[in-house]
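Have a look at the structure below before the remarks.
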Amino acid sequence: MSAPASAAATELGTSLKTSSGKTFGRRARLAFYNRTFKAICVVCAVFVCIILFSILFLMGRTGILTFEYVSPMEFFFSTEWVPENEQYGAFIFIFGTFALTALTMLIAMPISILIAVFLAEVTPPWLRAVLRPVLDLLVGIPSVVYGFLGMTLLIPLLRDVTGTTMGDGLLAAAIVLTIMVLPTISRISDDAITAVPKKYRDASYALGGTRFQTTFKVVLPAARSGIMYAGILGMARAIGETMAVVMVIGNTPQLANSLLKPTSVLTSNIVMQIANVPFDSTWNYALYLMGFLLLVISLLMIVLIRFMQRKGVQR
Amino acid sequence: MKMKWFKSLAFTTLALAVMATAVPVASAASKLSGKIVINGSSALLPLTLQAAKEFKKLNPKVKISASAAGSITGPQSVRKGIADIGAVDWDASTDVPGFKKFDGQVAHKVAVIPFAAVVNKGVGVDNLTTKQLQDIFSGKVKNWKEVGGNDASIVVVNRAFGSGTRVNFQMKALDGSDFMSKGDNYKEVKSSGDMKTAVETTPNAIGYMDLVYVTSKMKALKINDVAPTEANVINGKYKVWGYGYYMTKGQPTGATKAFIEYIQSKTFQNGSLKKLKFIPISAMK
């Protein structure tokens, strides 16, 4: 990157040297511009890193204070979350977050891949031109709207269909989240599938492959890393989603042993309680620790899937 | 001679009277200045904003900024020195269930807030005793037929711990007994608005909220055969109400003092406060 750039700068400098007397000045100025621009870019990059690390540091530092009063064993493995009685077991919320994300991806991935295949491979161009902007618009709908619709439409529906008394729980939250992440995952997968070179398809058809075989044995494997990336983005959105979840999950600190039992996840519990806790209390620290945990979980997920992705490419 | 003496006396009296009435008003309007920061309960925010609007008209040099989060943030902000006034739904200078008292803070009553136990329209129960309420909210009674209703599971909707409404309901309607914290038909909601939606849309649900939030799509229960009306609160029959408080660090001074006096004044209490459906504090004596 830098070698051709400096070569170009030298070239520009020498060509200027023959035409005018102020060669050195121009050259120095060019060098100054280049260096300043580089410095600004570096500062911006460093700024982002500083923000990330200071957030991690601040959340971690406040959260870690929890362990002065609560043992890590209790925090991570106890299912008793009763802050009024100094019981801070966060297992319910950690489990809830993982279960909810897994359930969401289980429902959302197949559907969104099929939507993406439909968009990229099946649809006539005019319909594609209509559908893509529609999906883009769906991405922009605020989560609180999804939550509100889930609370007023989905939950009564679930109550009628399943015959339970309440309807709040993991299933309702997973359905709302699925609807939320569908457009994100399918739009990015759609781009990945569209980017697969036409010669792959031509080769498959030339070998006598059907459209189905071509799509599922050639195009989708070729677009795998892009689809995985779409999945990560969707998952990141699902794991950190708060407003939509808090309105349909029931917010009860109990382990979800059924899809229709009111429960709570990390995000929903934080937002429910943070406004009402005294500053400088163990309870407050415990909520910070839960936020830190959420941060670490999503960072780990991204790192993990980056590794998987790299392996996939090498094979 | 006599006439002159009388005239001069009359003049002096008149002058004194003018001074006594006009001068303090004039000085209040012109001299009072400063900044008042108010934080705390969202239930009291409409009241605070209305009072601030009117107070600023009278005292243009006073700046008031009001915001709201949870009740507990009020006295906390006052303790930390972030806010001059902390609005809170209970007397934070005393211990209440779940919260310790805040030392060195003075509580000023500003309004009376009635609360009501509410149920979904479909629930066939109109009246519950304190004991029945305690049993329902602690999870002992799980079916409406046990308290004289249909054979259907009770869905309990509760506010999150720390809510001012919850503290008041627990103290006044449940006599301080504990809430349940888990169960198949139990959920917690974040705000009065969420409570409203939950009780309106969930069959067999029971919850509680400020009386002013009760809509026609739900039913406010009689407690111990007393209907939750403003009249019953004032005549002392309905017990489930609480004062809204302003907390200050020590006795207030200057603009803060004047503002609290304004919100407690007859003009405001019987005017705007009533329009916002709160009950004047003077009505309770």
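Labels used: A, B, ... for chains in the order of the structure tokens, numbers from 1 for residues in each chain, and numbers from 1 for ligands as shown.
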
Got a sec to pull out which chain A residues are within 10 Å of chain B, counting only C-alpha atoms, and send them as a PDB file with N, CA and C atoms, in the first residue's frame?
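For reference, out_1.pdb as written:
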```
ATOM      1  N   TRP A  81     -32.225 -15.531  42.055  1.00  0.00           N
ATOM      2  CA  TRP A  81     -32.002 -14.092  41.887  1.00  0.00           C
ATOM      3  C   TRP A  81     -33.031 -13.361  42.731  1.00  0.00           C
ATOM      4  N   VAL A  82     -32.666 -13.062  43.972  1.00  0.00           N
ATOM      5  CA  VAL A  82     -33.566 -12.326  44.860  1.00  0.00           C
ATOM      6  C   VAL A  82     -32.758 -11.197  45.493  1.00  0.00           C
ATOM      7  N   PRO A  83     -32.549 -10.089  44.766  1.00  0.00           N
ATOM      8  CA  PRO A  83     -31.667  -9.025  45.260  1.00  0.00           C
ATOM      9  C   PRO A  83     -32.115  -8.485  46.612  1.00  0.00           C
ATOM     10  N   GLU A  84     -33.430  -8.540  46.898  1.00  0.00           N
ATOM     11  CA  GLU A  84     -33.921  -8.035  48.177  1.00  0.00           C
ATOM     12  C   GLU A  84     -33.292  -8.812  49.327  1.00  0.00           C
ATOM     13  N   ASN A  85     -33.006 -10.118  49.081  1.00  0.00           N
ATOM     14  CA  ASN A  85     -32.428 -10.950  50.141  1.00  0.00           C
ATOM     15  C   ASN A  85     -30.951 -11.239  49.901  1.00  0.00           C
ATOM     16  N   PHE A 148     -43.764  -4.006  20.742  1.00  0.00           N
ATOM     17  CA  PHE A 148     -45.142  -3.600  21.004  1.00  0.00           C
ATOM     18  C   PHE A 148     -46.124  -4.490  20.253  1.00  0.00           C
ATOM     19  N   MET A 151     -46.310  -7.803  21.888  1.00  0.00           N
ATOM     20  CA  MET A 151     -47.068  -7.779  23.131  1.00  0.00           C
ATOM     21  C   MET A 151     -48.570  -7.751  22.860  1.00  0.00           C
ATOM     22  N   THR A 152     -48.988  -6.973  21.846  1.00  0.00           N
ATOM     23  CA  THR A 152     -50.423  -6.790  21.638  1.00  0.00           C
ATOM     24  C   THR A 152     -51.022  -7.788  20.647  1.00  0.00           C
ATOM     25  N   LEU A 153     -50.221  -8.312  19.708  1.00  0.00           N
ATOM     26  CA  LEU A 153     -50.778  -9.238  18.710  1.00  0.00           C
ATOM     27  C   LEU A 153     -50.304 -10.675  18.910  1.00  0.00           C
ATOM     28  N   ILE A 155     -48.720 -12.265  21.479  1.00  0.00           N
ATOM     29  CA  ILE A 155     -48.963 -12.981  22.732  1.00  0.00           C
ATOM     30  C   ILE A 155     -50.410 -13.468  22.863  1.00  0.00           C
ATOM     31  N   PRO A 156     -51.410 -12.627  22.551  1.00  0.00           N
ATOM     32  CA  PRO A 156     -52.777 -13.168  22.559  1.00  0.00           C
ATOM     33  C   PRO A 156     -52.943 -14.343  21.593  1.00  0.00           C
ATOM     34  N   ARG A 159     -51.470 -17.384  23.083  1.00  0.00           N
ATOM     35  CA  ARG A 159     -52.330 -17.847  24.153  1.00  0.00           C
ATOM     36  C   ARG A 159     -53.456 -18.714  23.583  1.00  0.00           C
ATOM     37  N   THR A 164     -52.132 -21.794  26.788  1.00  0.00           N
ATOM     38  CA  THR A 164     -51.550 -21.407  28.069  1.00  0.00           C
ATOM     39  C   THR A 164     -52.262 -20.154  28.591  1.00  0.00           C
ATOM     40  N   THR A 165     -52.061 -19.855  29.880  1.00  0.00           N
ATOM     41  CA  THR A 165     -52.743 -18.696  30.441  1.00  0.00           C
ATOM     42  C   THR A 165     -52.046 -17.381  30.079  1.00  0.00           C
ATOM     43  N   MET A 166     -50.708 -17.409  29.891  1.00  0.00           N
ATOM     44  CA  MET A 166     -50.018 -16.140  29.698  1.00  0.00           C
ATOM     45  C   MET A 166     -49.474 -15.921  28.288  1.00  0.00           C
ATOM     46  N   GLY A 167     -48.651 -16.853  27.802  1.00  0.00           N
ATOM     47  CA  GLY A 167     -48.103 -16.681  26.450  1.00  0.00           C
ATOM     48  C   GLY A 167     -46.736 -16.028  26.427  1.00  0.00           C
ATOM     49  N   ASP A 168     -46.362 -15.340  27.513  1.00  0.00           N
ATOM     50  CA  ASP A 168     -45.024 -14.751  27.565  1.00  0.00           C
ATOM     51  C   ASP A 168     -43.989 -15.865  27.695  1.00  0.00           C
ATOM     52  N   GLY A 169     -42.813 -15.649  27.151  1.00  0.00           N
ATOM     53  CA  GLY A 169     -41.759 -16.633  27.335  1.00  0.00           C
ATOM     54  C   GLY A 169     -40.794 -16.674  26.180  1.00  0.00           C
ATOM     55  N   VAL A 246     -37.944  -7.428  26.194  1.00  0.00           N
ATOM     56  CA  VAL A 246     -38.469  -7.151  27.529  1.00  0.00           C
ATOM     57  C   VAL A 246     -40.001  -7.108  27.526  1.00  0.00           C
ATOM     58  N   MET A 247     -40.577  -6.781  26.364  1.00  0.00           N
ATOM     59  CA  MET A 247     -42.034  -6.658  26.320  1.00  0.00           C
ATOM     60  C   MET A 247     -42.748  -7.993  26.179  1.00  0.00           C
ATOM     61  N   VAL A 248     -42.028  -9.050  25.780  1.00  0.00           N
ATOM     62  CA  VAL A 248     -42.730 -10.316  25.564  1.00  0.00           C
ATOM     63  C   VAL A 248     -42.200 -11.495  26.388  1.00  0.00           C
ATOM     64  N   ILE A 249     -41.148 -11.275  27.184  1.00  0.00           N
ATOM     65  CA  ILE A 249     -40.545 -12.447  27.823  1.00  0.00           C
ATOM     66  C   ILE A 249     -41.112 -12.736  29.207  1.00  0.00           C
ATOM     67  N   GLY A 250     -41.797 -11.763  29.803  1.00  0.00           N
ATOM     68  CA  GLY A 250     -42.440 -12.029  31.095  1.00  0.00           C
ATOM     69  C   GLY A 250     -41.662 -11.529  32.291  1.00  0.00           C
ATOM     70  N   ASN A 251     -40.326 -11.405  32.162  1.00  0.00           N
ATOM     71  CA  ASN A 251     -39.486 -10.822  33.208  1.00  0.00           C
ATOM     72  C   ASN A 251     -39.661 -11.445  34.581  1.00  0.00           C
ATOM     73  N   THR A 252     -39.631 -12.751  34.639  1.00  0.00           N
ATOM     74  CA  THR A 252     -39.704 -13.434  35.915  1.00  0.00           C
ATOM     75  C   THR A 252     -38.396 -14.181  36.109  1.00  0.00           C
ATOM     76  N   PRO A 253     -37.721 -13.977  37.236  1.00  0.00           N
ATOM     77  CA  PRO A 253     -36.438 -14.652  37.411  1.00  0.00           C
ATOM     78  C   PRO A 253     -36.608 -16.128  37.730  1.00  0.00           C
ATOM     79  N   GLN A 254     -36.995 -16.918  36.747  1.00  0.00           N
ATOM     80  CA  GLN A 254     -37.080 -18.367  36.948  1.00  0.00           C
ATOM     81  C   GLN A 254     -36.578 -19.063  35.695  1.00  0.00           C
ATOM     82  N   LEU A 255     -36.039 -20.268  35.888  1.00  0.00           N
ATOM     83  CA  LEU A 255     -35.425 -21.002  34.787  1.00  0.00           C
ATOM     84  C   LEU A 255     -36.504 -21.432  33.785  1.00  0.00           C
ATOM     85  N   ALA A 256     -36.218 -21.217  32.504  1.00  0.00           N
ATOM     86  CA  ALA A 256     -37.203 -21.556  31.486  1.00  0.00           C
ATOM     87  C   ALA A 256     -37.100 -23.036  31.148  1.00  0.00           C
ATOM     88  N   SER A 258     -39.696 -24.544  29.978  1.00  0.00           N
ATOM     89  CA  SER A 258     -40.690 -24.708  28.930  1.00  0.00           C
ATOM     90  C   SER A 258     -40.616 -23.467  28.054  1.00  0.00           C
ATOM     91  N   LEU A 260     -42.925 -21.782  26.975  1.00  0.00           N
ATOM     92  CA  LEU A 260     -44.011 -20.829  27.223  1.00  0.00           C
ATOM     93  C   LEU A 260     -44.042 -20.345  28.670  1.00  0.00           C
ATOM     94  N   LYS A 261     -42.944 -20.555  29.385  1.00  0.00           N
ATOM     95  CA  LYS A 261     -42.916 -20.113  30.778  1.00  0.00           C
ATOM     96  C   LYS A 261     -42.255 -18.742  30.839  1.00  0.00           C
ATOM     97  N   PRO A 262     -42.864 -17.790  31.557  1.00  0.00           N
ATOM     98  CA  PRO A 262     -42.236 -16.467  31.661  1.00  0.00           C
ATOM     99  C   PRO A 262     -40.846 -16.592  32.272  1.00  0.00           C
ATOM    100  N   THR A 263     -39.870 -15.960  31.664  1.00  0.00           N
ATOM    101  CA  THR A 263     -38.509 -16.042  32.174  1.00  0.00           C
ATOM    102  C   THR A 263     -37.835 -14.697  31.953  1.00  0.00           C
ATOM    103  N   SER A 264     -36.532 -14.638  32.020  1.00  0.00           N
ATOM    104  CA  SER A 264     -35.835 -13.379  31.852  1.00  0.00           C
ATOM    105  C   SER A 264     -34.467 -13.659  31.237  1.00  0.00           C
ATOM    106  N   SER A 268     -32.962  -8.088  29.291  1.00  0.00           N
ATOM    107  CA  SER A 268     -34.251  -7.646  29.823  1.00  0.00           C
ATOM    108  C   SER A 268     -34.148  -7.391  31.321  1.00  0.00           C
ATOM    109  N   ASN A 269     -33.350  -8.217  32.022  1.00  0.00           N
ATOM    110  CA  ASN A 269     -33.232  -8.020  33.458  1.00  0.00           C
ATOM    111  C   ASN A 269     -32.508  -6.712  33.781  1.00  0.00           C
ATOM    112  N   VAL A 271     -32.425  -3.932  31.954  1.00  0.00           N
ATOM    113  CA  VAL A 271     -33.240  -2.756  31.687  1.00  0.00           C
ATOM    114  C   VAL A 271     -34.413  -2.648  32.660  1.00  0.00           C
ATOM    115  N   MET A 272     -34.892  -3.795  33.155  1.00  0.00           N
ATOM    116  CA  MET A 272     -35.994  -3.758  34.118  1.00  0.00           C
ATOM    117  C   MET A 272     -35.554  -3.149  35.440  1.00  0.00           C
ATOM    118  N   GLN A 273     -34.299  -3.410  35.831  1.00  0.00           N
ATOM    119  CA  GLN A 273     -33.921  -3.090  37.205  1.00  0.00           C
ATOM    120  C   GLN A 273     -32.998  -1.892  37.355  1.00  0.00           C
ATOM    121  N   ILE A 274     -32.256  -1.542  36.285  1.00  0.00           N
ATOM    122  CA  ILE A 274     -31.180  -0.565  36.470  1.00  0.00           C
ATOM    123  C   ILE A 274     -31.697   0.796  36.962  1.00  0.00           C
ATOM    124  N   ALA A 275     -32.902   1.175  36.554  1.00  0.00           N
ATOM    125  CA  ALA A 275     -33.416   2.484  36.961  1.00  0.00           C
ATOM    126  C   ALA A 275     -33.746   2.524  38.443  1.00  0.00           C
ATOM    127  N   ASN A 276     -33.951   1.367  39.040  1.00  0.00           N
ATOM    128  CA  ASN A 276     -34.464   1.348  40.404  1.00  0.00           C
ATOM    129  C   ASN A 276     -33.474   0.876  41.458  1.00  0.00           C
ATOM    130  N   VAL A 277     -32.212   0.632  41.047  1.00  0.00           N
ATOM    131  CA  VAL A 277     -31.288   0.139  42.069  1.00  0.00           C
ATOM    132  C   VAL A 277     -30.525   1.300  42.685  1.00  0.00           C
ATOM    133  N   PRO A 278     -30.224   1.181  43.983  1.00  0.00           N
ATOM    134  CA  PRO A 278     -29.395   2.204  44.620  1.00  0.00           C
ATOM    135  C   PRO A 278     -27.981   2.174  44.012  1.00  0.00           C
ATOM    136  N   PHE A 279     -27.344   3.350  43.843  1.00  0.00           N
ATOM    137  CA  PHE A 279     -25.947   3.390  43.410  1.00  0.00           C
ATOM    138  C   PHE A 279     -25.096   2.677  44.448  1.00  0.00           C
TER     139      PHE A 279
END
```

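Distances from A:Gly147, A:Gly240, A:Pro110, A:Pro183 to Leu131 (chain A) were compared using only C-alpha atoms, and the smallest one belongs to A:Pro183.
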
- Out of region 35-217 of chain B, which residues get strand (DSSP E or B) from DSSP, as a ChimeraX atom specification? /B:35-41,62-66,69,85-88,96,99,105-120,127-128,143,153,155-159,186-189,205-210

Mind writing the picked residues with C-alpha atoms as an mmCIF file, in the first residue's frame?
```cif
data_model
loop_
_atom_site.group_PDB
_atom_site.id
_atom_site.type_symbol
_atom_site.label_atom_id
_atom_site.label_comp_id
_atom_site.auth_asym_id
_atom_site.auth_seq_id
_atom_site.Cartn_x
_atom_site.Cartn_y
_atom_site.Cartn_z
ATOM 1 C CA LYS B 35 -31.314 27.057 39.252
ATOM 2 C CA ILE B 36 -33.418 24.145 40.483
ATOM 3 C CA VAL B 37 -32.650 20.627 39.316
ATOM 4 C CA ILE B 38 -35.377 18.064 39.916
ATOM 5 C CA ASN B 39 -34.953 14.337 39.379
ATOM 6 C CA GLY B 40 -36.807 11.203 40.395
ATOM 7 C CA SER B 41 -40.220 9.587 40.126
ATOM 8 C CA VAL B 62 -35.278 30.985 38.055
ATOM 9 C CA LYS B 63 -34.215 28.133 35.824
ATOM 10 C CA ILE B 64 -35.824 24.763 36.468
ATOM 11 C CA SER B 65 -34.773 21.544 34.818
ATOM 12 C CA ALA B 66 -36.806 18.454 35.589
ATOM 13 C CA ALA B 69 -36.293 7.947 35.998
ATOM 14 C CA ILE B 85 -35.102 18.199 44.678
ATOM 15 C CA GLY B 86 -35.669 14.467 44.445
ATOM 16 C CA ALA B 87 -39.221 13.452 43.628
ATOM 17 C CA VAL B 88 -40.162 10.138 45.195
ATOM 18 C CA VAL B 96 -39.676 1.355 53.493
ATOM 19 C CA PHE B 99 -35.041 0.727 50.773
ATOM 20 C CA GLN B 105 -32.939 14.571 53.864
ATOM 21 C CA VAL B 106 -36.176 16.383 54.485
ATOM 22 C CA ALA B 107 -39.411 15.158 52.940
ATOM 23 C CA HIS B 108 -42.007 17.627 51.673
ATOM 24 C CA LYS B 109 -45.475 16.337 50.825
ATOM 25 C CA VAL B 110 -46.641 17.669 47.474
ATOM 26 C CA ALA B 111 -49.601 15.547 46.423
ATOM 27 C CA VAL B 112 -51.834 12.629 47.308
ATOM 28 C CA ILE B 113 -51.696 9.707 44.899
ATOM 29 C CA PRO B 114 -54.406 7.035 45.099
ATOM 30 C CA PHE B 115 -53.638 3.520 43.842
ATOM 31 C CA ALA B 116 -56.020 0.839 42.661
ATOM 32 C CA ALA B 117 -55.924 -2.931 42.292
ATOM 33 C CA VAL B 118 -57.111 -3.651 38.770
ATOM 34 C CA VAL B 119 -58.241 -6.769 36.955
ATOM 35 C CA ASN B 120 -58.993 -7.689 33.363
ATOM 36 C CA ASN B 127 -64.211 -6.978 45.632
ATOM 37 C CA LEU B 128 -61.241 -8.452 47.478
ATOM 38 C CA ASN B 143 -57.397 -19.700 40.977
ATOM 39 C CA SER B 153 -55.872 -19.415 36.798
ATOM 40 C CA VAL B 155 -52.270 -14.170 36.147
ATOM 41 C CA VAL B 156 -50.376 -11.851 38.489
ATOM 42 C CA VAL B 157 -48.774 -8.797 36.896
ATOM 43 C CA ASN B 158 -46.317 -7.000 39.150
ATOM 44 C CA ARG B 159 -44.102 -3.945 38.842
ATOM 45 C CA TYR B 186 -46.447 -14.377 37.079
ATOM 46 C CA LYS B 187 -44.801 -11.560 35.215
ATOM 47 C CA GLU B 188 -43.180 -8.223 35.926
ATOM 48 C CA VAL B 189 -43.530 -5.090 33.857
ATOM 49 C CA ALA B 205 -54.892 -10.841 34.980
ATOM 50 C CA ILE B 206 -54.613 -8.826 38.182
ATOM 51 C CA GLY B 207 -52.293 -5.878 38.738
ATOM 52 C CA TYR B 208 -52.236 -2.444 40.301
ATOM 53 C CA MET B 209 -51.537 1.133 39.234
ATOM 54 C CA ASP B 210 -52.146 4.799 39.974
#
```

- Please return as an NGL selection string: the residues of region 79-284 of chain A that backbone DSSP assigns to helix (DSSP H, G or I). :A and (83-85 or 91-122 or 125-139 or 143-162 or 170-194 or 198-206 or 211-222 or 224-240 or 243-246 or 266-276 or 282-284)

- Task: Find the residues near Phe179 (chain B): any atom within 9 Å, counting only C-alpha atoms, skip ones fewer than 5 places away on the same chain, and give them as a ChimeraX atom specification.
- Result: /B:134,136-139,158,170,174

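Interatomic distance, CA of Ile64 (chain A) to CA of Ser298 (chain A): 18.4 Å.
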
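The shell of residues at most 12 Å from Asn235 (chain B), with only C-alpha atoms counted and near chain neighbours (fewer than 5 positions) removed, consists of Val226, Pro228, Thr229, Glu230, Ala283, Met284 and Lys285 of chain B.
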
- Between B:Pro280, B:Gly34, B:Gly250, B:Gly149, which is the closest to Gly81 (chain B) once you count only C-alpha atoms? B:Gly250

- Which polymer residues have any atom within 10 Å of an atom of Asp136 (chain A), counting only C-alpha atoms, with same-chain residues fewer than 3 positions away left out, as a PyMOL selection string? chain A and resi 131-133+139-141+183-184+187

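Our summary of the geometry notes that CA of Gln50 (chain B) is positioned 17.7 Å from CA of Asp84 (chain B).
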
- Query: Using only C-alpha atoms, which residues sit within 12 Å of region 47-63 of chain A once same-chain residues fewer than 2 positions away are excluded, as number ranges by chain?
  - Reply: A: 39-45, 65-70, 72, 75, 279-297, 299

- Message: So that I can see what lies close to region 260-272 of chain B, please list as a ChimeraX atom specification the residues with an atom at most 9 Å from it, counting only C-alpha atoms and leaving out residues fewer than 2 positions away in the same chain.
- Response: /B:47-48,50-52,54-55,108-111,246,252,255-258,274-282
